[in-house]
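Asks: structure_35.pdb is the file, holding PDB, C-alpha atoms, pLDDT in the B column:
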```pdb
ATOM      1  CA  SER A   1     -65.154  42.148  24.991  1.00 39.00           C
ATOM      2  CA  GLY A   2     -63.244  42.893  28.199  1.00 41.00           C
ATOM      3  CA  ALA A   3     -59.954  41.955  26.584  1.00 44.00           C
ATOM      4  CA  ALA A   4     -56.868  43.792  27.748  1.00 43.00           C
ATOM      5  CA  LEU A   5     -55.939  46.849  25.722  1.00 42.00           C
ATOM      6  CA  VAL A   6     -52.145  46.811  25.412  1.00 42.00           C
ATOM      7  CA  SER A   7     -50.458  50.069  24.499  1.00 44.00           C
ATOM      8  CA  ALA A   8     -47.483  52.222  25.233  1.00 41.00           C
ATOM      9  CA  PRO A   9     -47.785  54.476  28.291  1.00 44.00           C
ATOM     10  CA  MET A  10     -50.336  57.224  27.593  1.00 49.00           C
ATOM     11  CA  ASN A  11     -50.425  59.875  30.326  1.00 51.00           C
ATOM     12  CA  ALA A  12     -53.384  59.169  32.617  1.00 56.00           C
ATOM     13  CA  VAL A  13     -54.723  56.242  30.605  1.00 53.00           C
ATOM     14  CA  GLY A  14     -51.850  53.928  31.408  1.00 54.00           C
ATOM     15  CA  PRO A  15     -50.181  51.101  29.512  1.00 69.00           C
ATOM     16  CA  ALA A  16     -52.590  48.200  30.081  1.00 87.00           C
ATOM     17  CA  MET A  17     -56.223  49.072  30.729  1.00 90.00           C
ATOM     18  CA  THR A  18     -59.100  46.775  29.913  1.00 94.00           C
ATOM     19  CA  ILE A  19     -61.779  47.864  27.454  1.00 94.00           C
ATOM     20  CA  PRO A  20     -64.308  48.527  30.263  1.00 94.00           C
ATOM     21  CA  GLU A  21     -61.698  50.619  32.103  1.00 93.00           C
ATOM     22  CA  VAL A  22     -61.016  52.701  29.013  1.00 94.00           C
ATOM     23  CA  ASP A  23     -64.739  53.129  28.441  1.00 93.00           C
ATOM     24  CA  ALA A  24     -65.217  54.309  32.020  1.00 94.00           C
ATOM     25  CA  PHE A  25     -62.212  56.631  31.777  1.00 94.00           C
ATOM     26  CA  LEU A  26     -63.737  58.348  28.732  1.00 95.00           C
ATOM     27  CA  THR A  27     -67.463  58.339  29.563  1.00 95.00           C
ATOM     28  CA  ASP A  28     -67.801  58.532  33.358  1.00 95.00           C
ATOM     29  CA  ALA A  29     -68.204  61.839  35.222  1.00 95.00           C
ATOM     30  CA  GLY A  30     -65.400  64.206  34.241  1.00 94.00           C
ATOM     31  CA  GLY A  31     -64.408  62.166  31.182  1.00 94.00           C
ATOM     32  CA  PHE A  32     -63.920  63.806  27.796  1.00 92.00           C
ATOM     33  CA  PHE A  33     -66.986  61.945  26.480  1.00 95.00           C
ATOM     34  CA  GLU A  34     -68.976  62.026  29.719  1.00 96.00           C
ATOM     35  CA  THR A  35     -72.440  60.592  29.110  1.00 96.00           C
ATOM     36  CA  THR A  36     -75.834  61.200  30.637  1.00 96.00           C
ATOM     37  CA  THR A  37     -79.394  60.075  29.923  1.00 96.00           C
ATOM     38  CA  GLU A  38     -81.781  62.476  28.189  1.00 94.00           C
ATOM     39  CA  THR A  39     -85.058  62.245  26.316  1.00 93.00           C
ATOM     40  CA  VAL A  40     -84.559  62.504  22.553  1.00 89.00           C
ATOM     41  CA  ASN A  41     -87.683  62.580  20.376  1.00 86.00           C
ATOM     42  CA  GLY A  42     -89.626  60.917  23.183  1.00 90.00           C
ATOM     43  CA  LEU A  43     -87.077  58.191  23.941  1.00 94.00           C
ATOM     44  CA  ALA A  44     -84.678  58.038  26.887  1.00 97.00           C
ATOM     45  CA  MET A  45     -81.164  57.399  25.631  1.00 95.00           C
ATOM     46  CA  LYS A  46     -77.542  57.827  26.617  1.00 95.00           C
ATOM     47  CA  VAL A  47     -75.959  60.947  25.087  1.00 95.00           C
ATOM     48  CA  ILE A  48     -72.704  62.850  25.415  1.00 95.00           C
ATOM     49  CA  LYS A  49     -73.196  65.475  28.111  1.00 95.00           C
ATOM     50  CA  ASN A  50     -70.889  68.267  26.939  1.00 93.00           C
ATOM     51  CA  ARG A  51     -71.718  68.287  23.215  1.00 93.00           C
ATOM     52  CA  GLN A  52     -72.212  70.991  20.643  1.00 92.00           C
ATOM     53  CA  PRO A  53     -75.970  71.535  20.165  1.00 91.00           C
ATOM     54  CA  ASN A  54     -75.729  72.079  16.400  1.00 93.00           C
ATOM     55  CA  LEU A  55     -73.302  72.467  13.497  1.00 94.00           C
ATOM     56  CA  ARG A  56     -73.399  76.279  13.687  1.00 94.00           C
ATOM     57  CA  GLN A  57     -71.994  76.175  17.205  1.00 94.00           C
ATOM     58  CA  LEU A  58     -69.456  73.532  16.183  1.00 93.00           C
ATOM     59  CA  LEU A  59     -68.211  75.869  13.440  1.00 95.00           C
ATOM     60  CA  LEU A  60     -67.958  78.823  15.819  1.00 93.00           C
ATOM     61  CA  THR A  61     -66.132  76.716  18.410  1.00 92.00           C
ATOM     62  CA  SER A  62     -63.597  75.655  15.775  1.00 92.00           C
ATOM     63  CA  ALA A  63     -62.064  79.122  16.119  1.00 88.00           C
ATOM     64  CA  ASN A  64     -60.512  77.824  19.352  1.00 87.00           C
ATOM     65  CA  HIS A  65     -58.278  75.379  17.441  1.00 82.00           C
ATOM     66  CA  GLY A  66     -55.259  77.614  17.491  1.00 68.00           C
ATOM     67  CA  GLU A  67     -54.720  81.227  16.519  1.00 68.00           C
ATOM     68  CA  GLY A  68     -53.402  82.837  13.381  1.00 67.00           C
ATOM     69  CA  ALA A  69     -51.903  80.232  11.078  1.00 76.00           C
ATOM     70  CA  ALA A  70     -53.622  77.132  12.512  1.00 86.00           C
ATOM     71  CA  ARG A  71     -54.736  75.336   9.350  1.00 92.00           C
ATOM     72  CA  TYR A  72     -58.209  73.850   8.834  1.00 94.00           C
ATOM     73  CA  TYR A  73     -57.581  72.294   5.412  1.00 95.00           C
ATOM     74  CA  LEU A  74     -54.823  71.938   2.810  1.00 95.00           C
ATOM     75  CA  PHE A  75     -55.284  70.529  -0.697  1.00 96.00           C
ATOM     76  CA  ASP A  76     -52.651  69.065  -3.006  1.00 95.00           C
ATOM     77  CA  ASP A  77     -52.811  72.132  -5.241  1.00 95.00           C
ATOM     78  CA  GLY A  78     -51.793  74.352  -2.312  1.00 95.00           C
ATOM     79  CA  ARG A  79     -55.193  75.852  -1.550  1.00 96.00           C
ATOM     80  CA  ALA A  80     -55.549  76.142   2.199  1.00 96.00           C
ATOM     81  CA  ALA A  81     -57.538  77.903   4.898  1.00 95.00           C
ATOM     82  CA  THR A  82     -57.134  78.532   8.591  1.00 94.00           C
ATOM     83  CA  PHE A  83     -59.970  77.836  11.007  1.00 94.00           C
ATOM     84  CA  ALA A  84     -60.724  81.570  11.113  1.00 93.00           C
ATOM     85  CA  GLU A  85     -60.734  81.845   7.313  1.00 95.00           C
ATOM     86  CA  ASN A  86     -63.134  78.907   7.089  1.00 96.00           C
ATOM     87  CA  ILE A  87     -65.573  80.713   9.372  1.00 95.00           C
ATOM     88  CA  GLU A  88     -65.210  83.892   7.296  1.00 96.00           C
ATOM     89  CA  SER A  89     -65.940  81.963   4.100  1.00 97.00           C
ATOM     90  CA  ALA A  90     -69.005  80.332   5.634  1.00 97.00           C
ATOM     91  CA  ALA A  91     -70.278  83.723   6.762  1.00 97.00           C
ATOM     92  CA  ALA A  92     -69.773  85.359   3.360  1.00 98.00           C
ATOM     93  CA  LEU A  93     -71.308  82.554   1.304  1.00 98.00           C
ATOM     94  CA  GLY A  94     -74.044  81.957   3.870  1.00 97.00           C
ATOM     95  CA  THR A  95     -75.042  85.616   3.644  1.00 98.00           C
ATOM     96  CA  ALA A  96     -75.034  85.430  -0.154  1.00 98.00           C
ATOM     97  CA  LEU A  97     -77.249  82.332  -0.080  1.00 98.00           C
ATOM     98  CA  ARG A  98     -79.681  84.045   2.261  1.00 97.00           C
ATOM     99  CA  GLU A  99     -79.841  87.375   0.448  1.00 97.00           C
ATOM    100  CA  ARG A 100     -79.665  86.184  -3.167  1.00 96.00           C
ATOM    101  CA  TYR A 101     -81.490  82.857  -2.985  1.00 96.00           C
ATOM    102  CA  GLY A 102     -83.683  83.143   0.104  1.00 97.00           C
ATOM    103  CA  VAL A 103     -81.982  80.266   1.900  1.00 97.00           C
ATOM    104  CA  GLY A 104     -82.863  79.964   5.564  1.00 95.00           C
ATOM    105  CA  PRO A 105     -83.308  77.414   8.330  1.00 95.00           C
ATOM    106  CA  GLY A 106     -84.852  74.190   7.055  1.00 96.00           C
ATOM    107  CA  ASP A 107     -84.216  74.950   3.366  1.00 97.00           C
ATOM    108  CA  ARG A 108     -82.090  72.587   1.294  1.00 98.00           C
ATOM    109  CA  VAL A 109     -78.885  73.436  -0.560  1.00 98.00           C
ATOM    110  CA  ALA A 110     -77.666  70.743  -2.960  1.00 98.00           C
ATOM    111  CA  ILE A 111     -73.882  70.352  -3.195  1.00 98.00           C
ATOM    112  CA  LEU A 112     -72.477  68.381  -6.121  1.00 98.00           C
ATOM    113  CA  GLY A 113     -68.746  68.256  -6.674  1.00 97.00           C
ATOM    114  CA  ALA A 114     -65.397  66.672  -6.063  1.00 96.00           C
ATOM    115  CA  ASN A 115     -63.625  67.167  -2.733  1.00 96.00           C
ATOM    116  CA  SER A 116     -62.558  70.803  -2.819  1.00 97.00           C
ATOM    117  CA  PRO A 117     -62.448  73.994  -0.771  1.00 97.00           C
ATOM    118  CA  GLU A 118     -65.665  75.051  -2.519  1.00 97.00           C
ATOM    119  CA  TRP A 119     -67.433  71.895  -1.314  1.00 98.00           C
ATOM    120  CA  ILE A 120     -66.341  72.567   2.268  1.00 98.00           C
ATOM    121  CA  GLN A 121     -67.324  76.238   2.038  1.00 97.00           C
ATOM    122  CA  SER A 122     -70.738  75.371   0.599  1.00 98.00           C
ATOM    123  CA  PHE A 123     -71.402  72.830   3.330  1.00 98.00           C
ATOM    124  CA  TRP A 124     -70.606  75.199   6.193  1.00 98.00           C
ATOM    125  CA  ALA A 125     -72.392  78.140   4.556  1.00 98.00           C
ATOM    126  CA  SER A 126     -75.534  76.013   4.474  1.00 97.00           C
ATOM    127  CA  ALA A 127     -75.387  74.078   7.721  1.00 95.00           C
ATOM    128  CA  ALA A 128     -74.241  76.998   9.854  1.00 93.00           C
ATOM    129  CA  GLN A 129     -77.439  78.911   9.153  1.00 93.00           C
ATOM    130  CA  GLY A 130     -79.728  75.960   9.759  1.00 95.00           C
ATOM    131  CA  ALA A 131     -80.164  74.939   6.135  1.00 97.00           C
ATOM    132  CA  ILE A 132     -79.902  71.295   5.112  1.00 97.00           C
ATOM    133  CA  ALA A 133     -76.831  70.455   3.039  1.00 97.00           C
ATOM    134  CA  VAL A 134     -77.833  67.855   0.458  1.00 98.00           C
ATOM    135  CA  ALA A 135     -74.549  66.066  -0.248  1.00 97.00           C
ATOM    136  CA  MET A 136     -75.071  64.626  -3.715  1.00 98.00           C
ATOM    137  CA  ASN A 137     -72.941  61.728  -4.960  1.00 97.00           C
ATOM    138  CA  GLY A 138     -70.206  63.007  -7.245  1.00 96.00           C
ATOM    139  CA  TRP A 139     -70.285  59.756  -9.246  1.00 97.00           C
ATOM    140  CA  TRP A 140     -73.967  60.035 -10.157  1.00 97.00           C
ATOM    141  CA  THR A 141     -75.130  60.070 -13.770  1.00 97.00           C
ATOM    142  CA  GLY A 142     -77.290  62.885 -15.106  1.00 96.00           C
ATOM    143  CA  ASP A 143     -80.510  60.948 -14.436  1.00 96.00           C
ATOM    144  CA  GLU A 144     -79.444  60.228 -10.868  1.00 97.00           C
ATOM    145  CA  ILE A 145     -78.568  63.877 -10.272  1.00 97.00           C
ATOM    146  CA  ARG A 146     -81.944  64.979 -11.608  1.00 97.00           C
ATOM    147  CA  TYR A 147     -83.726  62.402  -9.436  1.00 97.00           C
ATOM    148  CA  GLY A 148     -81.874  63.738  -6.387  1.00 97.00           C
ATOM    149  CA  LEU A 149     -82.878  67.306  -7.233  1.00 98.00           C
ATOM    150  CA  ASP A 150     -86.524  66.343  -7.772  1.00 97.00           C
ATOM    151  CA  LEU A 151     -86.566  64.392  -4.513  1.00 97.00           C
ATOM    152  CA  THR A 152     -85.021  67.086  -2.311  1.00 97.00           C
ATOM    153  CA  THR A 153     -86.265  70.312  -4.003  1.00 97.00           C
ATOM    154  CA  PRO A 154     -83.286  72.499  -3.005  1.00 98.00           C
ATOM    155  CA  LYS A 155     -83.367  76.292  -3.122  1.00 98.00           C
ATOM    156  CA  VAL A 156     -80.058  76.257  -5.014  1.00 98.00           C
ATOM    157  CA  LEU A 157     -77.588  73.790  -6.518  1.00 98.00           C
ATOM    158  CA  ILE A 158     -73.869  74.434  -5.976  1.00 98.00           C
ATOM    159  CA  ALA A 159     -71.894  72.244  -8.376  1.00 98.00           C
ATOM    160  CA  ASP A 160     -68.603  71.989 -10.222  1.00 98.00           C
ATOM    161  CA  ARG A 161     -68.435  72.120 -14.022  1.00 97.00           C
ATOM    162  CA  ARG A 162     -67.616  68.453 -14.476  1.00 97.00           C
ATOM    163  CA  ARG A 163     -70.778  67.272 -12.718  1.00 97.00           C
ATOM    164  CA  LEU A 164     -72.981  69.887 -14.364  1.00 97.00           C
ATOM    165  CA  GLU A 165     -71.915  68.564 -17.761  1.00 96.00           C
ATOM    166  CA  ARG A 166     -73.808  65.366 -16.965  1.00 96.00           C
ATOM    167  CA  LEU A 167     -77.113  67.224 -16.773  1.00 94.00           C
ATOM    168  CA  ASP A 168     -79.086  67.754 -19.973  1.00 89.00           C
ATOM    169  CA  GLY A 169     -81.181  70.894 -19.991  1.00 89.00           C
ATOM    170  CA  ASP A 170     -82.346  73.104 -17.158  1.00 92.00           C
ATOM    171  CA  PRO A 171     -81.940  71.466 -13.731  1.00 94.00           C
ATOM    172  CA  GLY A 172     -85.011  73.345 -12.554  1.00 94.00           C
ATOM    173  CA  VAL A 173     -83.204  75.101  -9.730  1.00 97.00           C
ATOM    174  CA  PRO A 174     -80.813  78.089  -9.561  1.00 97.00           C
ATOM    175  CA  VAL A 175     -77.205  76.957 -10.075  1.00 98.00           C
ATOM    176  CA  LEU A 176     -73.936  78.282  -8.691  1.00 98.00           C
ATOM    177  CA  VAL A 177     -70.885  76.946 -10.534  1.00 98.00           C
ATOM    178  CA  MET A 178     -68.105  76.369  -8.029  1.00 98.00           C
ATOM    179  CA  GLU A 179     -65.290  77.456 -10.338  1.00 97.00           C
ATOM    180  CA  ASP A 180     -67.053  80.595 -11.610  1.00 97.00           C
ATOM    181  CA  ASP A 181     -69.662  81.933  -9.224  1.00 98.00           C
ATOM    182  CA  LEU A 182     -68.370  81.500  -5.687  1.00 97.00           C
ATOM    183  CA  ALA A 183     -65.284  83.744  -5.777  1.00 97.00           C
ATOM    184  CA  PRO A 184     -67.301  86.864  -6.744  1.00 97.00           C
ATOM    185  CA  LEU A 185     -69.756  86.138  -3.931  1.00 97.00           C
ATOM    186  CA  PHE A 186     -66.937  85.744  -1.409  1.00 97.00           C
ATOM    187  CA  GLU A 187     -65.577  89.114  -2.530  1.00 97.00           C
ATOM    188  CA  GLU A 188     -68.938  90.882  -2.497  1.00 98.00           C
ATOM    189  CA  PHE A 189     -70.016  89.579   0.903  1.00 98.00           C
ATOM    190  CA  ALA A 190     -66.607  89.547   2.601  1.00 97.00           C
ATOM    191  CA  GLY A 191     -66.757  90.660   6.212  1.00 96.00           C
ATOM    192  CA  SER A 192     -70.392  89.625   6.686  1.00 97.00           C
ATOM    193  CA  PRO A 193     -71.280  88.089  10.033  1.00 95.00           C
ATOM    194  CA  LEU A 194     -72.482  84.509  10.091  1.00 93.00           C
ATOM    195  CA  PRO A 195     -76.252  84.647   9.437  1.00 92.00           C
ATOM    196  CA  ASP A 196     -78.284  84.434  12.628  1.00 89.00           C
ATOM    197  CA  ALA A 197     -80.154  81.190  13.035  1.00 89.00           C
ATOM    198  CA  THR A 198     -82.039  79.508  15.841  1.00 91.00           C
ATOM    199  CA  ILE A 199     -81.293  75.814  15.451  1.00 92.00           C
ATOM    200  CA  ALA A 200     -82.865  73.234  17.733  1.00 89.00           C
ATOM    201  CA  GLU A 201     -80.708  70.209  18.484  1.00 88.00           C
ATOM    202  CA  ASP A 202     -83.128  67.821  16.778  1.00 85.00           C
ATOM    203  CA  ASP A 203     -83.627  69.944  13.640  1.00 86.00           C
ATOM    204  CA  PRO A 204     -82.605  68.129  10.441  1.00 84.00           C
TER     205      PRO A 204
END
```
Can I see the file as structure tokens?
Replies:
Amino acid sequence: SGAALVSAPMNAVGPAMTIPEVDAFLTDAGGFFETTTETVNGLAMKVIKNRQPNLRQLLLTSANHGEGAARYYLFDDGRAATFAENIESAAALGTALRERYGVGPGDRVAILGANSPEWIQSFWASAAQGAIAVAMNGWWTGDEIRYGLDLTTPKVLIADRRRLERLDGDPGVPVLVMEDDLAPLFEEFAGSPLPDATIAEDDP
């Protein structure tokens, strides 16, 4: 809109820059979100120049967010993990998914549960090895869950007990119960490296 952006003094940004000035500050050469033009799926478009090429690299880079006790997440019940511990969890569960369930790049892993450490761990264990995390809606009914499974054909379903109770009968796919099955896998595969994966930037 070009309207003035009024703010308190902010280091190099300054107290009263216009919207175009802020945009230029962030996206021009040397800016934190410096942009350039590249061809993406056959179309020329503006993209961020210094970006992570995939989620695996984003996870690995997260190790730079402080050392030791730097916390990645904290839940109300006290469960927490550092950035390093999150990477270790992703590596252990990712290895288990690969070795026990044949999950690899391009395969789908359905995740069905409330916000929890297990949901986060399942997401990174999948995405960091090039698998597709199918984030299912935790409010779905049993019929909706089954439709989602039939539509996406995942190699495995990782779900909490409460959501699994909505399903009648066999879901037709191997199931890992968050509250019961993940902890033993973390223990068994602790210390595993993150599974190797070649992930192109435009892979799903």
Asks: For the point (-74.6, 64.6, 24.8) in the file's frame, write as a count of residues only all residues with an atom no more than 12 Å away, counting all atoms listed in the file.
Replies: 21
Asks: Can you measure CA of Asp76 in chain A to CA of Ala183 in chain A for me? One decimal in Å is fine.
Replies: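 For CA of Asp76 in chain A relative to CA of Ala183 in chain A, the distance reads 19.6 Å.
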Asks: Under the rule that all atoms listed in the file are counted, which of A:Glu187, A:Asp170, A:Asp196, A:Asp203 is the nearest residue to Ser89 in chain A?
Replies: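 Among A:Glu187, A:Asp170, A:Asp196, A:Asp203, it is A:Glu187 that comes nearest to Ser89 in chain A.
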Asks: Tell me which residues the PyMOL selection byres ((chain A and resi 118-126) around 7) grabs here, as a list in words.
Replies: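 Those residues are Ser89, Ala90, Ala91, Leu93, Gly94, Val109, Ile111, Gly113, Asn115, Ser116, Pro117, Ala127, Ala128, Gln129, Gly130, Ala131, Ile132, Ala133 and Met178 of chain A.
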Asks: Exactly which residues make up the result of the PyMOL selection byres ((chain A and resi 108) around 9) on this file, given as a list of chain:residue names?
Replies: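 So the PyMOL selection byres ((chain A and resi 108) around 9), applied here, picks out A:Val103, A:Gly104, A:Pro105, A:Gly106, A:Asp107, A:Val109, A:Ala110, A:Ser126, A:Ala131, A:Ile132, A:Ala133, A:Val134, A:Thr152, A:Thr153, A:Pro154, A:Lys155, A:Val156.
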Asks: Find the residue from A:Ala69, A:Ile145, A:Leu43, A:Ala96 that sits nearest to Ser192 in chain A; use all atoms listed in the file when measuring.
Replies: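 Distance minimum relative to Ser192 in chain A lands on A:Ala96.
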Asks: Mind giving me the axis-aligned box for range 93-96 of chain A with 4 Å on every side, centre plus edges in Å to one decimal, as AutoDock Vina command-line options?
Replies:
```
--center_x -73.2 --center_y 83.8 --center_z 1.9 --size_x 11.7 --size_y 11.7 --size_z 12.0
```
Asks: Could you pull the residues within 10 Å of Ile87 in chain A, counting only C-alpha atoms, minus those fewer than 4 positions along the same chain, as a PyMOL selection string?
Replies: chain A and resi 56+59-63+81-83+91-92+121+124-125+128+193-194
Asks: What is the CA of Asp28 in chain A-CA of Leu58 in chain A distance in Å, reported with one decimal?
Replies: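 Those two atoms sit 22.9 Å apart.
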Asks: For CA of Val177 in chain A and CA of Ala159 in chain A, quote the distance in Å rounded to one decimal.
Replies: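 Separating CA of Val177 in chain A from CA of Ala159 in chain A is a distance of 5.3 Å.
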Asks: Which is closest to Asp160 in chain A among A:Leu112, A:Leu26, A:Leu185, A:Val175, if we use all atoms listed in the file?
Replies: A:Leu112
Asks: For Arg161 in chain A, please output as a PyMOL selection string all residues within 12 Å (counting all atoms listed in the file; exclusion window: fewer than 3 positions along the same chain).
Replies: chain A and resi 112-114+138+157-158+164-167+175-181
Asks: From the list A:Ala80, A:Glu88, A:Leu55, A:Gly148, which residue is nearest Pro204 in chain A when using only C-alpha atoms?
Replies: A:Leu55
Asks: In terms of the shortest atom-to-atom distance over all atoms listed in the file, which of A:Leu149, A:Ile199, A:Ala190, A:Ala84 is closest to Pro174 in chain A?
Replies: A:Leu149
